[in-house]
$ cat upload-v2.cif   # mmCIF, C-alpha atoms
data_entry
#
loop_
_atom_site.label_atom_id
_atom_site.label_comp_id
_atom_site.auth_asym_id
_atom_site.auth_seq_id
_atom_site.Cartn_x
_atom_site.Cartn_y
_atom_site.Cartn_z
CA MET A 235 -80.36 41.55 -43.17
CA SER A 236 -83.53 39.44 -43.36
CA GLN A 237 -84.81 37.75 -40.23
CA TRP A 238 -86.35 34.35 -40.82
CA PHE A 239 -88.91 32.21 -39.05
CA TYR A 240 -89.42 28.50 -39.59
CA ALA A 241 -92.19 26.11 -38.54
CA GLU A 242 -90.86 23.21 -36.41
CA GLY A 243 -92.76 20.14 -37.60
CA ASN A 244 -94.71 22.67 -39.72
CA ARG A 245 -96.69 23.51 -36.56
CA GLU A 246 -94.65 25.57 -34.08
CA ARG A 247 -93.07 28.85 -35.14
CA ARG A 248 -89.38 29.32 -34.34
CA GLY A 249 -87.31 32.47 -34.83
CA PRO A 250 -86.41 35.04 -35.80
CA LEU A 251 -83.02 33.89 -37.05
CA PRO A 252 -80.51 35.41 -39.51
CA SER A 253 -80.00 33.74 -42.87
CA GLU A 254 -76.81 32.00 -41.79
CA ASN A 255 -78.64 30.22 -38.97
CA ILE A 256 -81.26 28.93 -41.41
CA VAL A 257 -78.48 27.63 -43.67
CA GLU A 258 -76.80 25.95 -40.68
CA LEU A 259 -80.09 24.33 -39.61
CA HIS A 260 -80.49 22.95 -43.15
CA ARG A 261 -76.92 21.66 -43.27
CA SER A 262 -77.32 19.93 -39.89
CA GLY A 263 -80.55 18.26 -41.02
CA ARG A 264 -82.71 20.05 -38.44
CA ILE A 265 -84.88 21.43 -41.25
CA ASP A 266 -85.40 20.13 -44.79
CA ALA A 267 -86.73 21.21 -48.17
CA ASP A 268 -90.35 20.98 -47.02
CA THR A 269 -89.90 23.03 -43.84
CA LEU A 270 -92.07 26.15 -44.02
CA LEU A 271 -90.20 29.51 -43.91
CA TRP A 272 -91.29 33.12 -43.69
CA ARG A 273 -89.59 36.50 -43.69
CA ASP A 274 -90.83 40.05 -43.92
CA GLY A 275 -92.15 40.71 -47.41
CA ALA A 276 -92.46 37.03 -48.30
CA GLY A 277 -96.25 36.89 -48.09
CA ASP A 278 -97.47 33.45 -47.08
CA TRP A 279 -95.34 30.71 -45.47
CA ARG A 280 -93.53 28.71 -48.16
CA PRO A 281 -91.25 25.65 -48.15
CA LEU A 282 -87.51 26.16 -47.89
CA ARG A 283 -87.05 24.98 -51.48
CA ASP A 284 -88.70 28.24 -52.65
CA PHE A 285 -85.99 30.30 -50.89
CA ALA A 286 -83.03 28.08 -51.80
CA ALA A 287 -81.51 30.58 -54.24
CA GLU A 288 -81.97 33.51 -51.85
CA LEU A 289 -80.28 31.59 -49.03
CA GLY A 290 -77.48 30.31 -51.23
CA ILE A 291 -78.56 26.68 -50.84
CA ALA A 292 -78.48 24.27 -53.77
CA PRO A 293 -82.11 23.66 -54.83
CA PRO A 294 -83.14 20.52 -52.90
CA ALA A 295 -84.98 17.64 -54.54
CA ALA A 296 -88.63 17.32 -53.58
CA ALA A 297 -89.35 14.67 -50.96
CA ASP A 298 -91.08 11.62 -52.42
CA THR A 299 -92.82 10.57 -49.20
CA ASP A 300 -94.63 12.43 -46.53
CA ALA A 301 -93.09 12.56 -43.05
CA PRO A 302 -94.90 10.30 -40.61
CA ALA A 303 -97.26 12.09 -38.29
CA SER A 304 -96.04 12.41 -34.73
CA VAL A 305 -97.74 10.15 -32.23
CA ALA A 306 -98.88 11.74 -28.98
CA PRO A 307 -97.86 9.81 -25.87
CA LEU A 308 -100.58 7.67 -24.30
CA PRO A 309 -101.94 8.91 -20.95
CA PRO A 310 -100.87 6.93 -17.88
CA PRO A 311 -103.20 4.09 -16.84
CA LEU A 312 -105.81 4.81 -14.18
CA GLN A 313 -104.76 3.71 -10.75
CA GLN A 314 -106.81 0.86 -9.32
CA VAL A 315 -107.89 1.63 -5.76
CA PRO A 316 -109.40 -1.30 -3.88
CA ARG A 317 -112.96 -0.69 -2.84
CA TYR A 318 -114.07 -0.94 0.73
CA PRO A 319 -115.61 -4.34 1.45
CA ALA A 320 -119.27 -4.69 2.14
CA ALA A 321 -120.14 -4.53 5.81
CA ALA A 322 -119.52 -7.90 7.45
CA ALA A 323 -122.57 -9.74 8.66
CA PRO A 324 -122.81 -10.04 12.45
CA PRO A 325 -121.52 -13.33 13.76
CA LYS A 326 -124.07 -16.00 14.23
CA GLN A 327 -125.06 -16.87 17.73
CA GLY A 328 -122.72 -19.43 19.11
CA LEU A 329 -119.74 -18.44 16.84
CA SER A 330 -116.46 -19.28 18.55
CA GLY A 331 -114.07 -16.63 19.85
CA CYS A 332 -111.42 -17.64 17.30
CA ALA A 333 -113.84 -17.14 14.40
CA ILE A 334 -114.82 -13.70 15.68
CA ALA A 335 -111.16 -12.73 16.02
CA ALA A 336 -110.46 -13.94 12.47
CA ILE A 337 -113.35 -11.89 11.07
CA ILE A 338 -112.24 -8.76 12.91
CA GLY A 339 -108.65 -9.30 11.74
CA ALA A 340 -109.76 -9.68 8.13
CA ILE A 341 -111.80 -6.48 8.29
CA VAL A 342 -108.91 -4.57 9.82
CA ALA A 343 -106.54 -5.93 7.16
CA VAL A 344 -108.81 -4.92 4.28
CA ILE A 345 -109.35 -1.44 5.72
CA GLY A 346 -105.61 -1.11 6.20
CA LEU A 347 -104.96 -2.03 2.58
CA ALA A 348 -107.56 0.49 1.44
CA ILE A 349 -105.89 3.23 3.50
CA LEU A 350 -102.49 2.32 2.06
CA ALA A 351 -103.92 2.47 -1.47
CA ILE A 352 -105.36 5.94 -0.81
CA LEU A 353 -102.04 7.16 0.59
CA ALA A 354 -100.23 5.73 -2.44
CA ALA A 355 -102.67 7.49 -4.79
CA ILE A 356 -101.76 10.77 -3.08
CA ALA A 357 -98.03 10.16 -2.77
CA LEU A 358 -97.26 8.83 -6.27
CA PRO A 359 -98.38 11.96 -8.22
CA ALA A 360 -96.43 14.14 -5.77
CA TYR A 361 -93.33 12.00 -6.31
CA LYS A 362 -93.84 12.19 -10.09
CA ASP A 363 -93.97 16.01 -9.90
CA TYR A 364 -90.78 15.99 -7.82
CA GLN A 365 -89.00 13.89 -10.46
CA GLN A 366 -90.00 16.25 -13.27
CA ARG A 367 -88.91 19.30 -11.26
CA ALA A 368 -85.56 17.62 -10.65
CA ARG A 369 -85.10 16.88 -14.37
CA ALA A 370 -85.99 20.46 -15.39
CA SER A 371 -83.52 21.84 -12.81
CA MET A 372 -80.83 19.47 -14.09
CA VAL A 373 -81.26 20.75 -17.66
CA TYR A 374 -81.10 24.35 -16.42
CA THR A 375 -77.85 23.55 -14.59
CA GLN A 376 -76.41 21.89 -17.72
CA LEU A 377 -76.97 25.13 -19.66
CA GLN A 378 -75.03 27.39 -17.27
CA PRO A 379 -71.53 26.80 -18.74
CA LEU A 380 -72.87 27.44 -22.24
CA SER A 381 -74.58 30.66 -21.12
CA SER A 382 -71.22 31.85 -19.73
CA ASP A 383 -69.59 31.10 -23.11
CA ILE A 384 -72.31 33.11 -24.90
CA ALA A 385 -71.81 36.11 -22.60
CA GLY A 386 -68.06 35.97 -23.07
CA PHE A 387 -68.34 35.76 -26.86
CA ALA A 388 -70.80 38.67 -26.96
CA ALA A 389 -68.51 40.84 -24.83
CA ALA A 390 -65.47 40.06 -27.00
CA ASN A 391 -67.14 40.35 -30.42
CA GLU A 392 -70.10 42.69 -29.76
CA ARG A 393 -72.45 40.24 -31.48
CA CYS A 394 -74.21 37.00 -30.76
CA PRO A 395 -72.61 33.62 -31.50
CA VAL A 396 -74.40 30.92 -33.50
CA ASN A 397 -74.11 27.15 -33.68
CA GLY A 398 -71.06 26.04 -35.61
CA GLU A 399 -68.83 28.98 -34.69
CA ASP A 400 -65.57 28.36 -32.86
CA GLY A 401 -66.46 27.08 -29.39
CA PHE A 402 -70.11 26.35 -30.21
CA GLY A 403 -71.21 22.96 -31.51
CA SER A 404 -74.24 21.92 -33.52
CA PRO A 405 -77.61 21.88 -31.71
CA GLU A 406 -77.52 18.09 -31.35
CA SER A 407 -73.98 18.07 -29.94
CA TYR A 408 -75.34 19.32 -26.60
CA ALA A 409 -77.72 16.37 -26.19
CA SER A 410 -77.25 14.73 -22.80
CA GLY A 411 -79.65 13.19 -20.32
CA ASN A 412 -82.94 15.09 -20.55
CA LEU A 413 -81.43 17.75 -22.82
CA GLY A 414 -82.21 17.06 -26.48
CA SER A 415 -80.63 19.98 -28.36
CA VAL A 416 -79.52 23.60 -27.93
CA ARG A 417 -79.73 26.32 -30.57
CA VAL A 418 -77.50 29.37 -30.07
CA GLY A 419 -78.25 32.69 -31.75
CA ARG A 420 -80.03 36.03 -31.52
CA PHE A 421 -83.60 36.60 -30.35
CA GLU A 422 -86.19 38.88 -31.96
CA ASP A 423 -85.48 41.65 -29.44
CA GLY A 424 -81.79 41.67 -30.42
CA HIS A 425 -80.63 39.82 -27.32
CA CYS A 426 -78.29 36.87 -27.54
CA GLY A 427 -79.23 33.56 -26.01
CA LEU A 428 -80.07 29.92 -26.43
CA GLU A 429 -83.09 27.71 -27.02
CA ALA A 430 -82.92 24.29 -25.33
CA GLN A 431 -85.32 21.44 -26.04
CA PHE A 432 -86.16 18.76 -23.47
CA ASN A 433 -85.80 15.10 -24.40
CA SER A 434 -87.78 13.15 -21.77
CA PRO A 435 -89.93 10.58 -23.62
CA HIS A 436 -91.36 9.22 -20.37
CA GLU A 437 -92.22 12.68 -18.97
CA PRO A 438 -95.12 14.20 -20.95
CA ALA A 439 -94.87 17.44 -18.97
CA LEU A 440 -91.30 18.01 -20.28
CA HIS A 441 -90.77 16.07 -23.50
CA GLY A 442 -90.52 18.30 -26.57
CA LYS A 443 -90.88 21.46 -24.48
CA THR A 444 -88.48 24.39 -24.75
CA LEU A 445 -86.46 26.51 -22.30
CA TRP A 446 -85.08 29.90 -23.37
CA LEU A 447 -82.17 31.83 -21.82
CA ASP A 448 -82.14 35.45 -23.05
CA TYR A 449 -78.99 37.55 -22.53
CA ASP A 450 -79.14 41.39 -22.52
CA MET A 451 -75.62 42.48 -23.55
CA ARG A 452 -76.11 46.08 -22.36
CA ALA A 453 -77.31 45.13 -18.90
CA ALA A 454 -75.25 41.90 -18.78
CA THR A 455 -78.29 40.09 -17.37
CA TRP A 456 -80.00 36.79 -18.17
CA GLU A 457 -83.72 36.05 -18.32
CA CYS A 458 -85.12 32.51 -18.25
CA SER A 459 -88.50 31.46 -19.70
CA SER A 460 -90.15 28.24 -20.87
CA ASP A 461 -93.35 26.67 -22.18
CA VAL A 462 -93.11 24.06 -19.40
CA ASP A 463 -95.66 24.41 -16.59
CA ASP A 464 -94.27 26.74 -13.90
CA LYS A 465 -94.57 24.13 -11.15
CA TYR A 466 -91.81 22.05 -12.79
CA LEU A 467 -89.39 24.95 -13.42
CA PRO A 468 -86.63 26.52 -11.26
CA ALA A 469 -87.93 29.58 -9.42
CA ASN A 470 -86.09 32.09 -11.67
CA CYS A 471 -87.64 30.59 -14.84
CA ARG A 472 -91.27 30.92 -13.81
CA GLY A 473 -93.42 33.49 -15.57
#

$ encode --input "upload-v2.cif" --output "structure tokens"
Amino acid sequence: MSQWFYAEGNRERRGPLPSENIVELHRSGRIDADTLLWRDGAGDWRPLRDFAAELGIAPPAAADTDAPASVAPLPPPLQQVPRYPAAAAPPKQGLSGCAIAAIIGAIVAVIGLAILAILAAIALPAYKDYQQRARASMVYTQLQPLSSDIAGFAAANERCPVNGEDGFGSPESYASGNLGSVRVGRFEDGHCGLEAQFNSPHEPALHGKTLWLDYDMRAATWECSSDVDDKYLPANCRG
């Protein structure tokens, strides 16, 4: 049986997948007639419409408009750190005690604000990292019940389940919180597993990234991997 690859957004390769998974992706709208496909012996990457007959899909009509280009998220604004004030001029001879106290108090206040700004500049990125680690761990936890269902199906049927089978919804049906979609199927090495995509528009380190859970049926063990930076991932998912 042919193993297929497709180009997500015609940029990132996904697969391999059996023919029925490609058909399911097309039916669910995840891929369309212009999505690039490849299989062994096919030569160059070609749009799905060229393989419609082979896959048993009705020949799709050509799209009459190009898909809009994705827009990369803007970087966060630079933090404004107050500068230290210029050194205060020495008090003039005869300046009253109250005036001297006011000048000293103003200098202390400005220095204190500068110190607070520096501490905030250190603390805010650390807190941001903590938030992204928490979101990645939450997605990993959300996937645990589904991974148990995959292992149970594989043990009972001696094959991998796919989206749309009894007990397994479409990729988009698993969307919740920071989890955008989950594809269930078989990996290139023959292992069962799932491919989860993060949906965190306000977290550039996570949004659009992928987490894979690979299940070895013979050893009954799971392996976690991701294209997210290791510092945001649970310990057992780090490369």

$ closest_residue --input "upload-v2.cif" --among "A:Gln376, A:Asn397, A:Ser371, A:Gln431" --to "A:Gly419" --atoms "all atoms listed in the file"
A:Asn397

$ atom_distance --input "upload-v2.cif" --atom1 "atom CA of A:Leu413" --atom2 "atom CA of A:Ala430"
7.2 Å

$ residues_around --input "upload-v2.cif" --residues "stretch 458-466 of chain A" --least-positions-apart "5" --cutoff "12 Å" --atoms "only C-alpha atoms" --output "ChimeraX atom specification"
/A:360,362-374,377-378,381,427-432,437-450,471-473

$ residues_around --input "upload-v2.cif" --residues "A:Ile265" --least-positions-apart "4" --cutoff "9 Å" --atoms "only C-alpha atoms" --output "MDAnalysis selection string"
chainID A and resid 240 242:243 256 259:261 269 282

$ atom_distance --input "upload-v2.cif" --atom1 "atom CA of A:Gln237" --atom2 "atom CA of A:Gly263"
20.0 Å

$ resolve_selection --input "upload-v2.cif" --expression "the PyMOL selection byres ((chain A and resi 245) around 12)" --output "VMD selection string"
chain A and resid 239 to 244 246 to 248 269 to 271 279 303 to 304

$ atom_distance --input "upload-v2.cif" --atom1 "atom CA of A:Ala336" --atom2 "atom CA of A:Ala351"
22.5 Å

$ residues_around --input "upload-v2.cif" --residues "A:Gly403" --least-positions-apart "5" --cutoff "10 Å" --atoms "all atoms listed in the file" --output "list in words"
Val396, Asn397, Gly398, Tyr408, Val416, Arg417 and Val418 of chain A

$ closest_residue --input "upload-v2.cif" --among "A:Ser407, A:Ser415, A:Ser434, A:Ser382" --to "A:Thr455" --atoms "only C-alpha atoms"
A:Ser382

$ closest_residue --input "upload-v2.cif" --among "A:Pro359, A:Pro293, A:Val342, A:Arg420" --to "A:Ala388" --atoms "only C-alpha atoms"
A:Arg420

$ axis_aligned_box --input "upload-v2.cif" --around "stretch 417-433 of chain A" --padding-each-side "6 Å" --output "AutoDock Vina command-line options"
--center_x -81.8 --center_y 28.4 --center_z -27.7 --size_x 20.7 --size_y 38.6 --size_z 20.5

$ closest_residue --input "upload-v2.cif" --among "A:Asp284, A:Cys426, A:Ala357, A:Ala292" --to "A:Ala389" --atoms "all atoms listed in the file"
A:Cys426

$ decode --input "upload-v2.cif" --residues "stretch 262-299 of chain A" --atoms "N, CA and C atoms" --output "PDB file, in the first residue's frame"
ATOM      1  N   SER A 262     -12.219  16.210   5.262  1.00  0.00           N
ATOM      2  CA  SER A 262     -12.377  17.122   6.400  1.00  0.00           C
ATOM      3  C   SER A 262     -11.983  18.546   6.068  1.00  0.00           C
ATOM      4  N   GLY A 263     -11.430  18.770   4.878  1.00  0.00           N
ATOM      5  CA  GLY A 263     -11.043  20.127   4.485  1.00  0.00           C
ATOM      6  C   GLY A 263      -9.659  20.519   4.945  1.00  0.00           C
ATOM      7  N   ARG A 264      -8.922  19.582   5.561  1.00  0.00           N
ATOM      8  CA  ARG A 264      -7.563  19.917   6.028  1.00  0.00           C
ATOM      9  C   ARG A 264      -6.620  20.163   4.849  1.00  0.00           C
ATOM     10  N   ILE A 265      -6.840  19.421   3.751  1.00  0.00           N
ATOM     11  CA  ILE A 265      -6.062  19.644   2.539  1.00  0.00           C
ATOM     12  C   ILE A 265      -7.037  19.822   1.386  1.00  0.00           C
ATOM     13  N   ASP A 266      -6.578  20.493   0.302  1.00  0.00           N
ATOM     14  CA  ASP A 266      -7.470  20.742  -0.815  1.00  0.00           C
ATOM     15  C   ASP A 266      -6.806  20.316  -2.120  1.00  0.00           C
ATOM     16  N   ALA A 267      -7.444  20.701  -3.236  1.00  0.00           N
ATOM     17  CA  ALA A 267      -6.974  20.250  -4.543  1.00  0.00           C
ATOM     18  C   ALA A 267      -5.576  20.727  -4.865  1.00  0.00           C
ATOM     19  N   ASP A 268      -5.160  21.842  -4.276  1.00  0.00           N
ATOM     20  CA  ASP A 268      -3.839  22.405  -4.584  1.00  0.00           C
ATOM     21  C   ASP A 268      -2.760  21.953  -3.626  1.00  0.00           C
ATOM     22  N   THR A 269      -3.115  21.170  -2.611  1.00  0.00           N
ATOM     23  CA  THR A 269      -2.104  20.673  -1.672  1.00  0.00           C
ATOM     24  C   THR A 269      -1.139  19.727  -2.403  1.00  0.00           C
ATOM     25  N   LEU A 270       0.143  19.936  -2.205  1.00  0.00           N
ATOM     26  CA  LEU A 270       1.158  19.116  -2.878  1.00  0.00           C
ATOM     27  C   LEU A 270       1.284  17.751  -2.202  1.00  0.00           C
ATOM     28  N   LEU A 271       1.279  16.670  -3.025  1.00  0.00           N
ATOM     29  CA  LEU A 271       1.422  15.299  -2.538  1.00  0.00           C
ATOM     30  C   LEU A 271       2.636  14.636  -3.191  1.00  0.00           C
ATOM     31  N   TRP A 272       3.122  13.592  -2.492  1.00  0.00           N
ATOM     32  CA  TRP A 272       4.206  12.793  -3.065  1.00  0.00           C
ATOM     33  C   TRP A 272       4.102  11.394  -2.498  1.00  0.00           C
ATOM     34  N   ARG A 273       4.426  10.421  -3.333  1.00  0.00           N
ATOM     35  CA  ARG A 273       4.581   9.034  -2.896  1.00  0.00           C
ATOM     36  C   ARG A 273       5.731   8.425  -3.677  1.00  0.00           C
ATOM     37  N   ASP A 274       6.197   7.297  -3.223  1.00  0.00           N
ATOM     38  CA  ASP A 274       7.305   6.629  -3.887  1.00  0.00           C
ATOM     39  C   ASP A 274       6.928   6.314  -5.340  1.00  0.00           C
ATOM     40  N   GLY A 275       7.793   6.725  -6.261  1.00  0.00           N
ATOM     41  CA  GLY A 275       7.546   6.486  -7.666  1.00  0.00           C
ATOM     42  C   GLY A 275       6.790   7.602  -8.365  1.00  0.00           C
ATOM     43  N   ALA A 276       6.404   8.629  -7.611  1.00  0.00           N
ATOM     44  CA  ALA A 276       5.615   9.711  -8.207  1.00  0.00           C
ATOM     45  C   ALA A 276       6.472  10.779  -8.860  1.00  0.00           C
ATOM     46  N   GLY A 277       7.777  10.753  -8.649  1.00  0.00           N
ATOM     47  CA  GLY A 277       8.627  11.802  -9.205  1.00  0.00           C
ATOM     48  C   GLY A 277       8.550  13.059  -8.371  1.00  0.00           C
ATOM     49  N   ASP A 278       8.255  14.185  -8.990  1.00  0.00           N
ATOM     50  CA  ASP A 278       8.174  15.449  -8.269  1.00  0.00           C
ATOM     51  C   ASP A 278       6.874  15.548  -7.473  1.00  0.00           C
ATOM     52  N   TRP A 279       6.837  16.482  -6.503  1.00  0.00           N
ATOM     53  CA  TRP A 279       5.606  16.800  -5.774  1.00  0.00           C
ATOM     54  C   TRP A 279       4.572  17.356  -6.766  1.00  0.00           C
ATOM     55  N   ARG A 280       3.318  16.893  -6.627  1.00  0.00           N
ATOM     56  CA  ARG A 280       2.260  17.369  -7.513  1.00  0.00           C
ATOM     57  C   ARG A 280       1.004  17.636  -6.685  1.00  0.00           C
ATOM     58  N   PRO A 281       0.119  18.512  -7.193  1.00  0.00           N
ATOM     59  CA  PRO A 281      -1.106  18.805  -6.442  1.00  0.00           C
ATOM     60  C   PRO A 281      -2.022  17.591  -6.350  1.00  0.00           C
ATOM     61  N   LEU A 282      -2.836  17.577  -5.310  1.00  0.00           N
ATOM     62  CA  LEU A 282      -3.735  16.455  -5.060  1.00  0.00           C
ATOM     63  C   LEU A 282      -4.609  16.146  -6.264  1.00  0.00           C
ATOM     64  N   ARG A 283      -5.006  17.190  -7.016  1.00  0.00           N
ATOM     65  CA  ARG A 283      -5.880  16.952  -8.162  1.00  0.00           C
ATOM     66  C   ARG A 283      -5.297  15.937  -9.141  1.00  0.00           C
ATOM     67  N   ASP A 284      -3.923  15.863  -9.220  1.00  0.00           N
ATOM     68  CA  ASP A 284      -3.286  14.931 -10.147  1.00  0.00           C
ATOM     69  C   ASP A 284      -3.424  13.479  -9.688  1.00  0.00           C
ATOM     70  N   PHE A 285      -3.698  13.269  -8.374  1.00  0.00           N
ATOM     71  CA  PHE A 285      -3.811  11.909  -7.850  1.00  0.00           C
ATOM     72  C   PHE A 285      -5.254  11.543  -7.517  1.00  0.00           C
ATOM     73  N   ALA A 286      -6.204  12.402  -7.918  1.00  0.00           N
ATOM     74  CA  ALA A 286      -7.591  12.199  -7.517  1.00  0.00           C
ATOM     75  C   ALA A 286      -8.101  10.810  -7.913  1.00  0.00           C
ATOM     76  N   ALA A 287      -7.834  10.390  -9.144  1.00  0.00           N
ATOM     77  CA  ALA A 287      -8.328   9.092  -9.600  1.00  0.00           C
ATOM     78  C   ALA A 287      -7.695   7.959  -8.805  1.00  0.00           C
ATOM     79  N   GLU A 288      -6.396   8.068  -8.560  1.00  0.00           N
ATOM     80  CA  GLU A 288      -5.679   7.026  -7.817  1.00  0.00           C
ATOM     81  C   GLU A 288      -6.199   6.886  -6.390  1.00  0.00           C
ATOM     82  N   LEU A 289      -6.585   8.008  -5.784  1.00  0.00           N
ATOM     83  CA  LEU A 289      -7.073   8.001  -4.415  1.00  0.00           C
ATOM     84  C   LEU A 289      -8.574   7.734  -4.321  1.00  0.00           C
ATOM     85  N   GLY A 290      -9.251   7.697  -5.458  1.00  0.00           N
ATOM     86  CA  GLY A 290     -10.673   7.478  -5.445  1.00  0.00           C
ATOM     87  C   GLY A 290     -11.471   8.700  -5.059  1.00  0.00           C
ATOM     88  N   ILE A 291     -10.886   9.889  -5.343  1.00  0.00           N
ATOM     89  CA  ILE A 291     -11.548  11.155  -5.033  1.00  0.00           C
ATOM     90  C   ILE A 291     -12.062  11.755  -6.335  1.00  0.00           C
ATOM     91  N   ALA A 292     -13.278  12.293  -6.302  1.00  0.00           N
ATOM     92  CA  ALA A 292     -13.804  12.946  -7.501  1.00  0.00           C
ATOM     93  C   ALA A 292     -12.873  14.068  -7.896  1.00  0.00           C
ATOM     94  N   PRO A 293     -12.519  14.203  -9.186  1.00  0.00           N
ATOM     95  CA  PRO A 293     -11.577  15.261  -9.600  1.00  0.00           C
ATOM     96  C   PRO A 293     -12.070  16.624  -9.152  1.00  0.00           C
ATOM     97  N   PRO A 294     -11.293  17.313  -8.280  1.00  0.00           N
ATOM     98  CA  PRO A 294     -11.733  18.620  -7.772  1.00  0.00           C
ATOM     99  C   PRO A 294     -11.564  19.720  -8.797  1.00  0.00           C
ATOM    100  N   ALA A 295     -12.421  20.740  -8.705  1.00  0.00           N
ATOM    101  CA  ALA A 295     -12.281  21.899  -9.592  1.00  0.00           C
ATOM    102  C   ALA A 295     -11.084  22.711  -9.166  1.00  0.00           C
ATOM    103  N   ALA A 296     -10.404  23.329 -10.133  1.00  0.00           N
ATOM    104  CA  ALA A 296      -9.228  24.134  -9.812  1.00  0.00           C
ATOM    105  C   ALA A 296      -9.647  25.375  -9.050  1.00  0.00           C
ATOM    106  N   ALA A 297      -8.843  25.750  -8.069  1.00  0.00           N
ATOM    107  CA  ALA A 297      -9.150  26.961  -7.288  1.00  0.00           C
ATOM    108  C   ALA A 297      -8.970  28.176  -8.157  1.00  0.00           C
ATOM    109  N   ASP A 298      -9.896  29.170  -8.037  1.00  0.00           N
ATOM    110  CA  ASP A 298      -9.811  30.353  -8.891  1.00  0.00           C
ATOM    111  C   ASP A 298      -9.096  31.504  -8.232  1.00  0.00           C
ATOM    112  N   THR A 299      -8.698  31.349  -6.983  1.00  0.00           N
ATOM    113  CA  THR A 299      -7.914  32.388  -6.302  1.00  0.00           C
ATOM    114  C   THR A 299      -6.807  31.738  -5.522  1.00  0.00           C
TER     115      THR A 299
END
